[in-house]
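Source file: structure23.cif. Holds: mmCIF, C-alpha atoms and all ligand atoms; chains and numbers go by the auth columns.
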data_start
#
loop_
_atom_site.group_PDB
_atom_site.id
_atom_site.type_symbol
_atom_site.label_atom_id
_atom_site.label_comp_id
_atom_site.label_asym_id
_atom_site.label_seq_id
_atom_site.Cartn_x
_atom_site.Cartn_y
_atom_site.Cartn_z
_atom_site.B_iso_or_equiv
_atom_site.auth_seq_id
_atom_site.auth_asym_id
ATOM 1 C CA MET A 1 13.912 -1.829 -21.199 0.00 27 Q
ATOM 2 C CA LYS A 2 11.312 -0.993 -23.823 0.00 28 Q
ATOM 3 C CA LYS A 3 10.113 -4.587 -23.761 0.00 29 Q
ATOM 4 C CA LEU A 4 9.709 -4.539 -20.001 0.00 30 Q
ATOM 5 C CA PHE A 5 7.842 -1.261 -20.221 0.00 31 Q
ATOM 6 C CA LEU A 6 5.424 -2.646 -22.818 0.00 32 Q
ATOM 7 C CA THR A 7 4.905 -5.789 -20.765 0.00 33 Q
ATOM 8 C CA LEU A 8 4.093 -3.749 -17.684 0.00 34 Q
ATOM 9 C CA LEU A 9 1.824 -1.477 -19.675 0.00 35 Q
ATOM 10 C CA MET A 10 -0.083 -4.416 -21.091 0.00 36 Q
ATOM 11 C CA LEU A 11 -0.418 -6.018 -17.685 0.00 37 Q
ATOM 12 C CA ALA A 12 -1.440 -2.760 -16.068 0.00 38 Q
ATOM 13 C CA ILE A 13 -4.468 -2.363 -18.290 0.00 39 Q
ATOM 14 C CA ILE A 14 -5.680 -5.854 -17.416 0.00 40 Q
ATOM 15 C CA PRO A 15 -7.833 -5.725 -14.308 0.00 41 Q
ATOM 16 C CA SER A 16 -6.281 -7.364 -11.278 0.00 42 Q
ATOM 17 C CA VAL A 17 -7.821 -10.762 -10.761 0.00 43 Q
ATOM 18 C CA PHE A 18 -7.699 -12.584 -7.472 0.00 44 Q
ATOM 19 C CA ALA A 19 -5.509 -15.621 -8.080 0.00 45 Q
ATOM 20 C CA ASP A 20 -5.702 -18.707 -5.889 0.00 46 Q
ATOM 21 C CA VAL A 21 -1.935 -18.983 -5.604 0.00 47 Q
ATOM 22 C CA MET A 22 -0.129 -15.687 -5.217 0.00 48 Q
ATOM 23 C CA ILE A 23 3.423 -14.436 -4.926 0.00 49 Q
ATOM 24 C CA THR A 24 3.329 -13.056 -1.390 0.00 50 Q
ATOM 25 C CA GLU A 25 6.934 -12.175 -0.548 0.00 51 Q
ATOM 26 C CA VAL A 26 10.145 -11.506 -2.461 0.00 52 Q
ATOM 27 C CA MET A 27 13.614 -11.667 -0.909 0.00 53 Q
ATOM 28 C CA PHE A 28 15.568 -9.989 -3.695 0.00 54 Q
ATOM 29 C CA ASN A 29 18.422 -8.520 -1.659 0.00 55 Q
ATOM 30 C CA PRO A 30 19.388 -10.762 1.252 0.00 56 Q
ATOM 31 C CA ASP A 31 21.918 -9.702 3.830 0.00 57 Q
ATOM 32 C CA GLY A 32 25.394 -10.555 2.503 0.00 58 Q
ATOM 33 C CA ALA A 33 25.780 -12.223 -0.860 0.00 59 Q
ATOM 34 C CA ASP A 34 22.610 -12.360 -2.948 0.00 60 Q
ATOM 35 C CA GLU A 35 23.566 -15.218 -5.212 0.00 61 Q
ATOM 36 C CA GLY A 36 22.029 -18.508 -4.102 0.00 62 Q
ATOM 37 C CA HIS A 37 20.257 -16.911 -1.137 0.00 63 Q
ATOM 38 C CA GLU A 38 17.264 -15.292 -2.842 0.00 64 Q
ATOM 39 C CA TRP A 39 13.745 -16.687 -2.669 0.00 65 Q
ATOM 40 C CA ILE A 40 10.107 -15.900 -3.168 0.00 66 Q
ATOM 41 C CA GLU A 41 7.136 -17.053 -1.133 0.00 67 Q
ATOM 42 C CA ILE A 42 3.852 -18.244 -2.632 0.00 68 Q
ATOM 43 C CA HIS A 43 0.590 -18.856 -0.793 0.00 69 Q
ATOM 44 C CA ASN A 44 -2.533 -20.787 -1.716 0.00 70 Q
ATOM 45 C CA TYR A 45 -5.543 -18.626 -0.839 0.00 71 Q
ATOM 46 C CA ALA A 46 -8.005 -21.273 -2.054 0.00 72 Q
ATOM 47 C CA ASP A 47 -9.798 -23.700 0.223 0.00 73 Q
ATOM 48 C CA THR A 48 -8.756 -26.546 -2.086 0.00 74 Q
ATOM 49 C CA SER A 49 -5.336 -28.043 -2.818 0.00 75 Q
ATOM 50 C CA VAL A 50 -3.370 -26.918 -5.851 0.00 76 Q
ATOM 51 C CA ASP A 51 -0.906 -29.212 -7.616 0.00 77 Q
ATOM 52 C CA ILE A 52 2.274 -27.268 -8.370 0.00 78 Q
ATOM 53 C CA THR A 53 3.813 -30.105 -10.429 0.00 79 Q
ATOM 54 C CA GLY A 54 5.193 -28.739 -13.682 0.00 80 Q
ATOM 55 C CA TRP A 55 4.812 -25.098 -12.653 0.00 81 Q
ATOM 56 C CA LYS A 56 7.476 -22.556 -13.613 0.00 82 Q
ATOM 57 C CA PHE A 57 8.912 -19.478 -12.028 0.00 83 Q
ATOM 58 C CA TYR A 58 9.283 -16.750 -14.648 0.00 84 Q
ATOM 59 C CA GLU A 59 12.065 -14.237 -14.159 0.00 85 Q
ATOM 60 C CA ASN A 60 14.358 -12.219 -16.417 0.00 86 Q
ATOM 61 C CA ASN A 61 12.547 -13.392 -19.565 0.00 87 Q
ATOM 62 C CA GLY A 62 13.027 -17.047 -18.688 0.00 88 Q
ATOM 63 C CA ASN A 63 10.905 -19.876 -17.303 0.00 89 Q
ATOM 64 C CA HIS A 64 12.610 -21.798 -14.519 0.00 90 Q
ATOM 65 C CA ASN A 65 11.588 -25.314 -13.497 0.00 91 Q
ATOM 66 C CA ILE A 66 10.356 -25.856 -9.955 0.00 92 Q
ATOM 67 C CA LYS A 67 11.503 -29.023 -8.174 0.00 93 Q
ATOM 68 C CA LEU A 68 10.455 -30.354 -4.806 0.00 94 Q
ATOM 69 C CA LYS A 69 13.097 -30.079 -2.080 0.00 95 Q
ATOM 70 C CA GLN A 70 11.039 -30.411 1.089 0.00 96 Q
ATOM 71 C CA GLY A 71 7.347 -30.941 1.852 0.00 97 Q
ATOM 72 C CA THR A 72 4.932 -31.485 -0.999 0.00 98 Q
ATOM 73 C CA LEU A 73 4.094 -30.143 -4.455 0.00 99 Q
ATOM 74 C CA ILE A 74 0.399 -30.485 -3.594 0.00 100 Q
ATOM 75 C CA LEU A 75 -0.069 -27.128 -1.953 0.00 101 Q
ATOM 76 C CA GLY A 76 -2.856 -27.489 0.594 0.00 102 Q
ATOM 77 C CA PRO A 77 -5.534 -24.904 1.372 0.00 103 Q
ATOM 78 C CA TYR A 78 -3.965 -21.756 2.874 0.00 104 Q
ATOM 79 C CA ASP A 79 -0.549 -23.409 2.657 0.00 105 Q
ATOM 80 C CA THR A 80 2.670 -21.631 1.778 0.00 106 Q
ATOM 81 C CA ALA A 81 5.805 -22.598 -0.129 0.00 107 Q
ATOM 82 C CA ILE A 82 9.205 -21.092 -0.733 0.00 108 Q
ATOM 83 C CA ILE A 83 10.689 -21.091 -4.226 0.00 109 Q
ATOM 84 C CA ALA A 84 14.408 -20.734 -3.642 0.00 110 Q
ATOM 85 C CA ASP A 85 17.192 -20.046 -6.093 0.00 111 Q
ATOM 86 C CA ASN A 86 19.164 -22.649 -4.142 0.00 112 Q
ATOM 87 C CA ALA A 87 17.028 -24.753 -1.802 0.00 113 Q
ATOM 88 C CA ASP A 88 20.048 -26.179 0.048 0.00 114 Q
ATOM 89 C CA LYS A 89 21.315 -22.709 0.883 0.00 115 Q
ATOM 90 C CA PHE A 90 17.808 -21.616 1.870 0.00 116 Q
ATOM 91 C CA LEU A 91 17.590 -24.481 4.366 0.00 117 Q
ATOM 92 C CA GLU A 92 21.010 -23.511 5.732 0.00 118 Q
ATOM 93 C CA ASP A 93 20.006 -19.858 6.030 0.00 119 Q
ATOM 94 C CA TYR A 94 16.704 -20.761 7.682 0.00 120 Q
ATOM 95 C CA SER A 95 17.744 -23.898 9.561 0.00 121 Q
ATOM 96 C CA GLY A 96 14.828 -25.791 11.040 0.00 122 Q
ATOM 97 C CA TYR A 97 12.433 -24.448 8.395 0.00 123 Q
ATOM 98 C CA LYS A 98 9.661 -27.041 8.176 0.00 124 Q
ATOM 99 C CA GLY A 99 7.444 -25.705 5.372 0.00 125 Q
ATOM 100 C CA ASN A 100 7.378 -26.570 1.686 0.00 126 Q
ATOM 101 C CA VAL A 101 10.565 -25.664 -0.141 0.00 127 Q
ATOM 102 C CA TYR A 102 10.939 -25.829 -3.907 0.00 128 Q
ATOM 103 C CA ASP A 103 14.220 -25.567 -5.717 0.00 129 Q
ATOM 104 C CA THR A 104 14.767 -23.639 -8.904 0.00 130 Q
ATOM 105 C CA SER A 105 17.645 -21.758 -10.464 0.00 131 Q
ATOM 106 C CA PHE A 106 16.911 -18.203 -11.458 0.00 132 Q
ATOM 107 C CA GLY A 107 20.345 -16.738 -10.856 0.00 133 Q
ATOM 108 C CA SER A 108 19.493 -13.357 -9.466 0.00 134 Q
ATOM 109 C CA LEU A 109 16.525 -11.137 -8.674 0.00 135 Q
ATOM 110 C CA SER A 110 17.180 -7.545 -9.639 0.00 136 Q
ATOM 111 C CA ASN A 111 17.768 -5.200 -6.707 0.00 137 Q
ATOM 112 C CA SER A 112 16.074 -2.439 -8.690 0.00 138 Q
ATOM 113 C CA GLY A 113 12.896 -4.385 -9.401 0.00 139 Q
ATOM 114 C CA GLU A 114 11.679 -6.591 -12.204 0.00 140 Q
ATOM 115 C CA TYR A 115 8.661 -8.469 -13.489 0.00 141 Q
ATOM 116 C CA ILE A 116 8.257 -11.972 -12.078 0.00 142 Q
ATOM 117 C CA ALA A 117 5.482 -14.547 -12.396 0.00 143 Q
ATOM 118 C CA ILE A 118 4.411 -18.071 -11.584 0.00 144 Q
ATOM 119 C CA LYS A 119 2.985 -20.174 -14.398 0.00 145 Q
ATOM 120 C CA ASP A 120 1.135 -23.475 -14.333 0.00 146 Q
ATOM 121 C CA SER A 121 2.162 -26.578 -16.270 0.00 147 Q
ATOM 122 C CA PHE A 122 0.265 -25.300 -19.361 0.00 148 Q
ATOM 123 C CA GLY A 123 2.173 -22.025 -19.330 0.00 149 Q
ATOM 124 C CA ASN A 124 -0.765 -19.979 -18.036 0.00 150 Q
ATOM 125 C CA THR A 125 0.315 -17.128 -15.795 0.00 151 Q
ATOM 126 C CA ILE A 126 -1.154 -17.725 -12.344 0.00 152 Q
ATOM 127 C CA ASP A 127 0.177 -14.592 -10.661 0.00 153 Q
ATOM 128 C CA TYR A 128 2.571 -11.842 -11.597 0.00 154 Q
ATOM 129 C CA ALA A 129 4.330 -9.168 -9.657 0.00 155 Q
ATOM 130 C CA ALA A 130 6.525 -6.137 -10.142 0.00 156 Q
ATOM 131 C CA TYR A 131 8.011 -5.756 -6.709 0.00 157 Q
ATOM 132 C CA PRO A 132 9.182 -2.359 -5.441 0.00 158 Q
ATOM 133 C CA THR A 133 12.717 -1.908 -4.144 0.00 159 Q
ATOM 134 C CA VAL A 134 13.054 1.812 -3.455 0.00 160 Q
ATOM 135 C CA ASN A 135 14.299 2.469 0.091 0.00 161 Q
ATOM 136 C CA VAL A 136 14.184 -1.228 1.026 0.00 162 Q
ATOM 137 C CA PRO A 137 17.415 -1.906 2.973 0.00 163 Q
ATOM 138 C CA SER A 138 19.573 -4.945 2.315 0.00 164 Q
ATOM 139 C CA GLY A 139 18.313 -7.955 4.233 0.00 165 Q
ATOM 140 C CA PHE A 140 14.656 -6.955 4.138 0.00 166 Q
ATOM 141 C CA SER A 141 12.074 -8.531 1.860 0.00 167 Q
ATOM 142 C CA VAL A 142 8.914 -7.013 0.409 0.00 168 Q
ATOM 143 C CA GLU A 143 5.507 -8.534 1.135 0.00 169 Q
ATOM 144 C CA ILE A 144 2.075 -8.021 -0.358 0.00 170 Q
ATOM 145 C CA ILE A 145 -0.180 -5.888 1.796 0.00 171 Q
ATOM 146 C CA ASP A 146 -3.199 -8.096 1.231 0.00 172 Q
ATOM 147 C CA PRO A 147 -4.288 -10.599 -1.414 0.00 173 Q
ATOM 148 C CA ASP A 148 -6.643 -8.105 -3.045 0.00 174 Q
ATOM 149 C CA SER A 149 -3.902 -5.544 -3.604 0.00 175 Q
ATOM 150 C CA ASN A 150 -2.577 -5.217 -7.123 0.00 176 Q
ATOM 151 C CA SER A 151 0.913 -6.683 -6.898 0.00 177 Q
ATOM 152 C CA ILE A 152 1.896 -5.263 -10.279 0.00 178 Q
ATOM 153 C CA LEU A 153 1.993 -1.853 -8.556 0.00 179 Q
ATOM 154 C CA PRO A 154 4.336 -0.751 -5.758 0.00 180 Q
ATOM 155 C CA GLN A 155 1.297 0.285 -3.711 0.00 181 Q
ATOM 156 C CA GLY A 156 0.434 -3.402 -3.355 0.00 182 Q
ATOM 157 C CA TRP A 157 3.619 -4.111 -1.402 0.00 183 Q
ATOM 158 C CA LYS A 158 5.294 -3.163 1.848 0.00 184 Q
ATOM 159 C CA GLN A 159 8.717 -3.714 3.329 0.00 185 Q
ATOM 160 C CA GLY A 160 8.879 -6.679 5.704 0.00 186 Q
ATOM 161 C CA ASP A 161 9.191 -6.069 9.431 0.00 187 Q
ATOM 162 C CA LYS A 162 12.473 -7.793 10.074 0.00 188 Q
ATOM 163 C CA ILE A 163 15.788 -8.773 8.542 0.00 189 Q
ATOM 164 C CA GLY A 164 15.547 -12.145 6.837 0.00 190 Q
ATOM 165 C CA GLY A 165 11.871 -11.723 5.988 0.00 191 Q
ATOM 166 C CA SER A 166 9.026 -13.967 7.091 0.00 192 Q
ATOM 167 C CA PRO A 167 9.181 -17.138 5.015 0.00 193 Q
ATOM 168 C CA GLY A 168 6.151 -19.305 5.660 0.00 194 Q
ATOM 169 C CA GLN A 169 4.125 -16.517 7.280 0.00 195 Q
ATOM 170 C CA THR A 170 1.843 -14.422 5.164 0.00 196 Q
ATOM 171 C CA VAL A 171 -1.341 -12.383 5.211 0.00 197 Q
ATOM 172 C CA PHE A 172 -4.093 -14.618 6.466 0.00 198 Q
ATOM 173 C CA VAL A 173 -7.497 -14.320 4.888 0.00 199 Q
ATOM 174 C CA GLN A 174 -10.581 -15.656 6.583 0.00 200 Q
ATOM 175 C CA PRO A 175 -12.023 -18.374 4.355 0.00 201 Q
ATOM 176 C CA GLU A 176 -15.278 -17.263 2.738 0.00 202 Q
ATOM 177 C CA SER A 177 -18.434 -18.711 4.237 0.00 203 Q
ATOM 178 C CA GLU A 178 -20.282 -21.420 2.312 0.00 204 Q
ATOM 179 C CA ASP A 179 -23.337 -19.298 1.568 0.00 205 Q
ATOM 180 C CA SER A 180 -21.373 -16.653 -0.323 0.00 206 Q
ATOM 181 C CA SER A 181 -21.579 -18.523 -3.634 0.00 207 Q
ATOM 182 C CA GLY A 182 -23.578 -16.668 -6.221 0.00 208 Q
ATOM 183 C CA SER A 183 -23.619 -13.533 -4.142 0.00 209 Q
ATOM 184 C CA SER A 184 -22.483 -10.428 -5.956 0.00 210 Q
ATOM 185 C CA GLY A 185 -21.971 -8.509 -2.733 0.00 211 Q
ATOM 186 C CA ASN A 186 -18.424 -9.593 -1.973 0.00 212 Q
ATOM 187 C CA THR A 187 -16.643 -10.324 -5.209 0.00 213 Q
ATOM 188 C CA SER A 188 -12.839 -10.375 -5.123 0.00 214 Q
ATOM 189 C CA VAL A 189 -12.412 -9.055 -8.664 0.00 215 Q
ATOM 190 C CA PRO A 190 -12.088 -5.287 -8.479 0.00 216 Q
ATOM 191 C CA GLU A 191 -14.099 -3.197 -10.872 0.00 217 Q
ATOM 192 C CA PHE A 192 -12.068 -1.790 -13.698 0.00 218 Q
ATOM 193 C CA THR A 193 -12.883 1.681 -14.883 0.00 219 Q
ATOM 194 C CA ALA A 194 -11.306 3.983 -17.431 0.00 220 Q
ATOM 195 C CA VAL A 195 -10.168 6.234 -14.590 0.00 221 Q
ATOM 196 C CA SER A 196 -8.427 3.483 -12.627 0.00 222 Q
ATOM 197 C CA GLY A 197 -6.929 2.128 -15.862 0.00 223 Q
ATOM 198 C CA THR A 198 -5.441 5.504 -16.693 0.00 224 Q
ATOM 199 C CA LEU A 199 -4.131 5.841 -13.150 0.00 225 Q
ATOM 200 C CA ILE A 200 -2.469 2.428 -13.364 0.00 226 Q
ATOM 201 C CA ILE A 201 -0.842 3.265 -16.706 0.00 227 Q
ATOM 202 C CA LEU A 202 0.429 6.603 -15.404 0.00 228 Q
ATOM 203 C CA THR A 203 1.819 4.916 -12.281 0.00 229 Q
ATOM 204 C CA SER A 204 3.567 2.308 -14.430 0.00 230 Q
ATOM 205 C CA ILE A 205 5.106 4.988 -16.623 0.00 231 Q
ATOM 206 C CA GLY A 206 6.265 6.795 -13.482 0.00 232 Q
ATOM 207 C CA LEU A 207 7.803 3.578 -12.223 0.00 233 Q
ATOM 208 C CA MET A 208 9.695 3.020 -15.449 0.00 234 Q
ATOM 209 C CA ILE A 209 10.988 6.579 -15.548 0.00 235 Q
ATOM 210 C CA ARG A 210 12.132 6.295 -11.951 0.00 236 Q
ATOM 211 C CA LYS A 211 13.824 2.983 -12.710 0.00 237 Q
ATOM 212 C CA ARG A 212 15.505 4.396 -15.807 0.00 238 Q
ATOM 213 C CA ASN A 213 16.876 7.257 -13.729 0.00 239 Q
ATOM 214 C CA LEU A 214 18.264 4.796 -11.211 0.00 240 Q
ATOM 215 C CA ASN A 215 20.118 2.812 -13.884 0.00 241 Q
HETATM 216 CA CA CA B . 19.420 -9.525 -5.832 0.00 301 M
HETATM 217 CA CA CA B . 6.086 -14.152 4.379 0.00 302 M
#
Turn the structure described in the file into structure tokens.
Ligand SMILES: [Ca+2]
Ligand SMILES: [Ca+2]
Amino acid sequence: MKKLFLTLLMLAIIPSVFADVMITEVMFNPDGADEGHEWIEIHNYADTSVDITGWKFYENNGNHNIKLKQGTLILGPYDTAIIADNADKFLEDYSGYKGNVYDTSFGSLSNSGEYIAIKDSFGNTIDYAAYPTVNVPSGFSVEIIDPDSNSILPQGWKQGDKIGGSPGQTVFVQPESEDSSGSSGNTSVPEFTAVSGTLIILTSIGLMIRKRNLN
């Protein structure tokens, strides 16, 4: 618990950076049995392809290999993929699903929240998230509100609209126009100030206290 708290604290004081590939949805508590039926959704917000080969899904202090089940490991621009605990069960649960599906084996996503991440083949963290679970009924996922929201904080997430979640559908962002390069007017990296840093740390502490009380 102390380790998780320190990790969150360290991450919270790092300014949120817009990642190309983001964790956009987490199905941590599916309807019925959780085991084998959990998944996360990732989305490539870049206008170029990203090769997922060798990437890992980090959960519960462990890195889990990602293997191709369906589609491609070359994630195209604005393309989405599902990382499933059990890709076969995912394709049974969502029969007819045509998008990219990657298989891994993470066991179980905590129903009271945890720190998760995706890492590239060099071990660099590409995106991290601490998804909220309070008042999210069984069967519903949580989704990011928009790609600029800080997904390490509960404020960056919302409960999905329907049971079963929305695998393959995520917040669409209009690609930036060509002439925006070099412009400082519309940067995606939020400014980091002492005030917002303090606020983030206090929110994280609040989160941990709330979680501790739930345990
Ligand atoms: Ca679970
Ligand atoms: Ca979705």
Evaluate the PyMOL selection byres (((not hetatm)) within 8 of (chain M and resi 301)) and record the selected residues as a list in words, following the chain and residue labels used in the document.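 Those residues are Met53, Phe54, Asn55, Pro56, Asp60, Glu61, Glu64, Ser134, Leu135, Ser136 and Asn137 of chain Q.
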Grab the residues selected above and save them as a compact mmCIF listing (two decimals), in the coordinates of the input with C-alpha atoms.
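Generated output (selection.txt):
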# COMPACT_ATOMS: atom_id res chain seq x y z
CA MET Q 53 13.61 -11.67 -0.91
CA PHE Q 54 15.57 -9.99 -3.70
CA ASN Q 55 18.42 -8.52 -1.66
CA PRO Q 56 19.39 -10.76 1.25
CA ASP Q 60 22.61 -12.36 -2.95
CA GLU Q 61 23.57 -15.22 -5.21
CA GLU Q 64 17.26 -15.29 -2.84
CA SER Q 134 19.49 -13.36 -9.47
CA LEU Q 135 16.52 -11.14 -8.67
CA SER Q 136 17.18 -7.54 -9.64
CA ASN Q 137 17.77 -5.20 -6.71
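Counting all atoms listed in the file, the residue from Q:Asp111, Q:Asp105, Q:Asp146, Q:Glu51 that sits nearest to ligand CA 302 (chain M) is Q:Glu51.
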Picked residues, the PyMOL selection byres (((chain Q and resi 192) around 10) and not hetatm), expected as a PyMOL selection string: chain Q and resi 51-53+67+166-169+186-191+193-196
In Å to one decimal, how far is CA of Lys82 (chain Q) from CA of Asp46 (chain Q)? 15.8 Å
Expected selection from the PyMOL selection byres (((chain Q and resi 120) around 12) and not hetatm), given as a ChimeraX atom specification: /Q:63-65,108,110,113-119,121-125,127,190-194
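The interatomic distance for the pair CA of Gly133 (chain Q) and CA of Gly62 (chain Q) works out to 7.2 Å.
Our summary of the geometry notes that CA of Trp81 (chain Q) is positioned 11.0 Å from CA of Leu94 (chain Q).
If all atoms listed in the file are the atoms counted, then among Q:Val197, Q:Ala143, Q:Ile66, Q:Ile152 the closest residue to Ile170 (chain Q) is Q:Val197.
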Could you check which of Q:Ser75, Q:Asn91, Q:Ser164, Q:Thr50 is closest to Lys145 (chain Q), using all atoms listed in the file?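 Looking only at the distances to Lys145 (chain Q), the closest residue turns out to be Q:Asn91.
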Counting all atoms listed in the file, the residue among Q:Ala155, Q:Thr106, Q:Asn87, Q:Thr98 that lies closest to ligand CA 302 (chain M) is Q:Thr106
Pick from Q:Trp183, Q:Leu101, Q:Pro163, Q:Tyr141: nearest to ligand CA 302 (chain M), with only C-alpha atoms and all ligand atoms counted?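 Once distances to ligand CA 302 (chain M) are computed over only C-alpha atoms and all ligand atoms, the minimum belongs to Q:Trp183.
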4 Å per side around region 116-120 of chain Q: axis-aligned box centre and edge lengths, as JSON:
{"center_x": 18.9, "center_y": -22.2, "center_z": 4.8, "size_x": 12.3, "size_y": 12.6, "size_z": 13.8}
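Considering the residues Q:Thr79, Q:Asn126, Q:Gln185, Q:Ser147 and counting only C-alpha atoms, Gln96 (chain Q) has its shortest atom-to-atom contact with Q:Asn126.
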Selection near Ile142 (chain Q), 6 Å with all atoms listed in the file, sequence-local residues under 3 positions removed, as a list in words: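 Once the nearby chain positions are removed, what remains is Tyr84, Glu85, Tyr154 and Ala155 of chain Q.
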Would you output that residue set with C-alpha atoms, as an mmCIF file, in the coordinates of the input?
data_model
loop_
_atom_site.group_PDB
_atom_site.id
_atom_site.type_symbol
_atom_site.label_atom_id
_atom_site.label_comp_id
_atom_site.auth_asym_id
_atom_site.auth_seq_id
_atom_site.Cartn_x
_atom_site.Cartn_y
_atom_site.Cartn_z
ATOM 1 C CA TYR Q 84 9.283 -16.750 -14.648
ATOM 2 C CA GLU Q 85 12.065 -14.237 -14.159
ATOM 3 C CA TYR Q 154 2.571 -11.842 -11.597
ATOM 4 C CA ALA Q 155 4.330 -9.168 -9.657
#
Just region 131-197 of chain Q from the block, C-alpha atoms, as a JSON list (two decimals), in the first residue's frame, could you?
[["chain", "number", "residue", "atom", "x", "y", "z"],
["Q", 131, "SER", "CA", -2.54, -12.67, -18.96],
["Q", 132, "PHE", "CA", -2.85, -10.27, -16.08],
["Q", 133, "GLY", "CA", -5.11, -12.34, -13.86],
["Q", 134, "SER", "CA", -7.34, -9.71, -12.39],
["Q", 135, "LEU", "CA", -7.89, -5.96, -12.35],
["Q", 136, "SER", "CA", -8.71, -4.71, -8.88],
["Q", 137, "ASN", "CA", -12.34, -3.70, -8.38],
["Q", 138, "SER", "CA", -11.16, -0.99, -5.99],
["Q", 139, "GLY", "CA", -8.71, 0.60, -8.40],
["Q", 140, "GLU", "CA", -5.03, 0.21, -9.12],
["Q", 141, "TYR", "CA", -2.16, 1.65, -11.12],
["Q", 142, "ILE", "CA", -1.84, 0.27, -14.65],
["Q", 143, "ALA", "CA", 0.39, 1.23, -17.57],
["Q", 144, "ILE", "CA", 1.46, 0.35, -21.08],
["Q", 145, "LYS", "CA", 5.18, 0.18, -21.80],
["Q", 146, "ASP", "CA", 7.06, 0.01, -25.08],
["Q", 147, "SER", "CA", 9.59, -2.67, -26.00],
["Q", 148, "PHE", "CA", 12.36, -0.68, -24.23],
["Q", 149, "GLY", "CA", 10.39, -0.56, -21.00],
["Q", 150, "ASN", "CA", 9.48, 3.12, -21.34],
["Q", 151, "THR", "CA", 6.07, 3.92, -19.90],
["Q", 152, "ILE", "CA", 3.86, 5.16, -22.73],
["Q", 153, "ASP", "CA", 0.73, 5.84, -20.69],
["Q", 154, "TYR", "CA", -0.37, 5.19, -17.15],
["Q", 155, "ALA", "CA", -3.68, 5.29, -15.41],
["Q", 156, "ALA", "CA", -5.21, 4.99, -11.97],
["Q", 157, "TYR", "CA", -8.80, 4.25, -12.83],
["Q", 158, "PRO", "CA", -11.62, 5.17, -10.45],
["Q", 159, "THR", "CA", -14.11, 2.54, -9.31],
["Q", 160, "VAL", "CA", -16.28, 4.28, -6.73],
["Q", 161, "ASN", "CA", -19.99, 3.90, -7.54],
["Q", 162, "VAL", "CA", -19.29, 2.14, -10.85],
["Q", 163, "PRO", "CA", -21.78, -0.77, -11.03],
["Q", 164, "SER", "CA", -20.75, -4.26, -12.08],
["Q", 165, "GLY", "CA", -20.77, -4.60, -15.85],
["Q", 166, "PHE", "CA", -19.84, -0.99, -16.56],
["Q", 167, "SER", "CA", -16.39, 0.15, -17.64],
["Q", 168, "VAL", "CA", -14.68, 3.48, -17.06],
["Q", 169, "GLU", "CA", -13.54, 5.62, -19.99],
["Q", 170, "ILE", "CA", -11.30, 8.66, -20.25],
["Q", 171, "ILE", "CA", -13.21, 11.88, -20.69],
["Q", 172, "ASP", "CA", -10.83, 13.22, -23.30],
["Q", 173, "PRO", "CA", -7.22, 12.57, -24.28],
["Q", 174, "ASP", "CA", -6.01, 15.73, -22.54],
["Q", 175, "SER", "CA", -7.48, 14.71, -19.19],
["Q", 176, "ASN", "CA", -5.06, 13.44, -16.59],
["Q", 177, "SER", "CA", -5.86, 9.74, -16.37],
["Q", 178, "ILE", "CA", -3.87, 9.35, -13.16],
["Q", 179, "LEU", "CA", -6.72, 11.22, -11.44],
["Q", 180, "PRO", "CA", -10.34, 10.08, -11.08],
["Q", 181, "GLN", "CA", -11.46, 13.38, -12.61],
["Q", 182, "GLY", "CA", -10.01, 12.20, -15.92],
["Q", 183, "TRP", "CA", -12.48, 9.32, -16.14],
["Q", 184, "LYS", "CA", -16.20, 8.70, -16.40],
["Q", 185, "GLN", "CA", -18.41, 5.66, -16.16],
["Q", 186, "GLY", "CA", -19.32, 4.17, -19.55],
["Q", 187, "ASP", "CA", -22.84, 4.58, -20.87],
["Q", 188, "LYS", "CA", -23.83, 0.96, -21.14],
["Q", 189, "ILE", "CA", -23.26, -2.50, -19.72],
["Q", 190, "GLY", "CA", -20.39, -4.24, -21.48],
["Q", 191, "GLY", "CA", -18.58, -0.99, -22.25],
["Q", 192, "SER", "CA", -17.67, 0.34, -25.68],
["Q", 193, "PRO", "CA", -14.69, -1.66, -26.93],
["Q", 194, "GLY", "CA", -13.35, -0.18, -30.14],
["Q", 195, "GLN", "CA", -15.15, 3.15, -29.72],
["Q", 196, "THR", "CA", -13.40, 5.99, -28.00],
["Q", 197, "VAL", "CA", -13.16, 9.75, -27.80]]
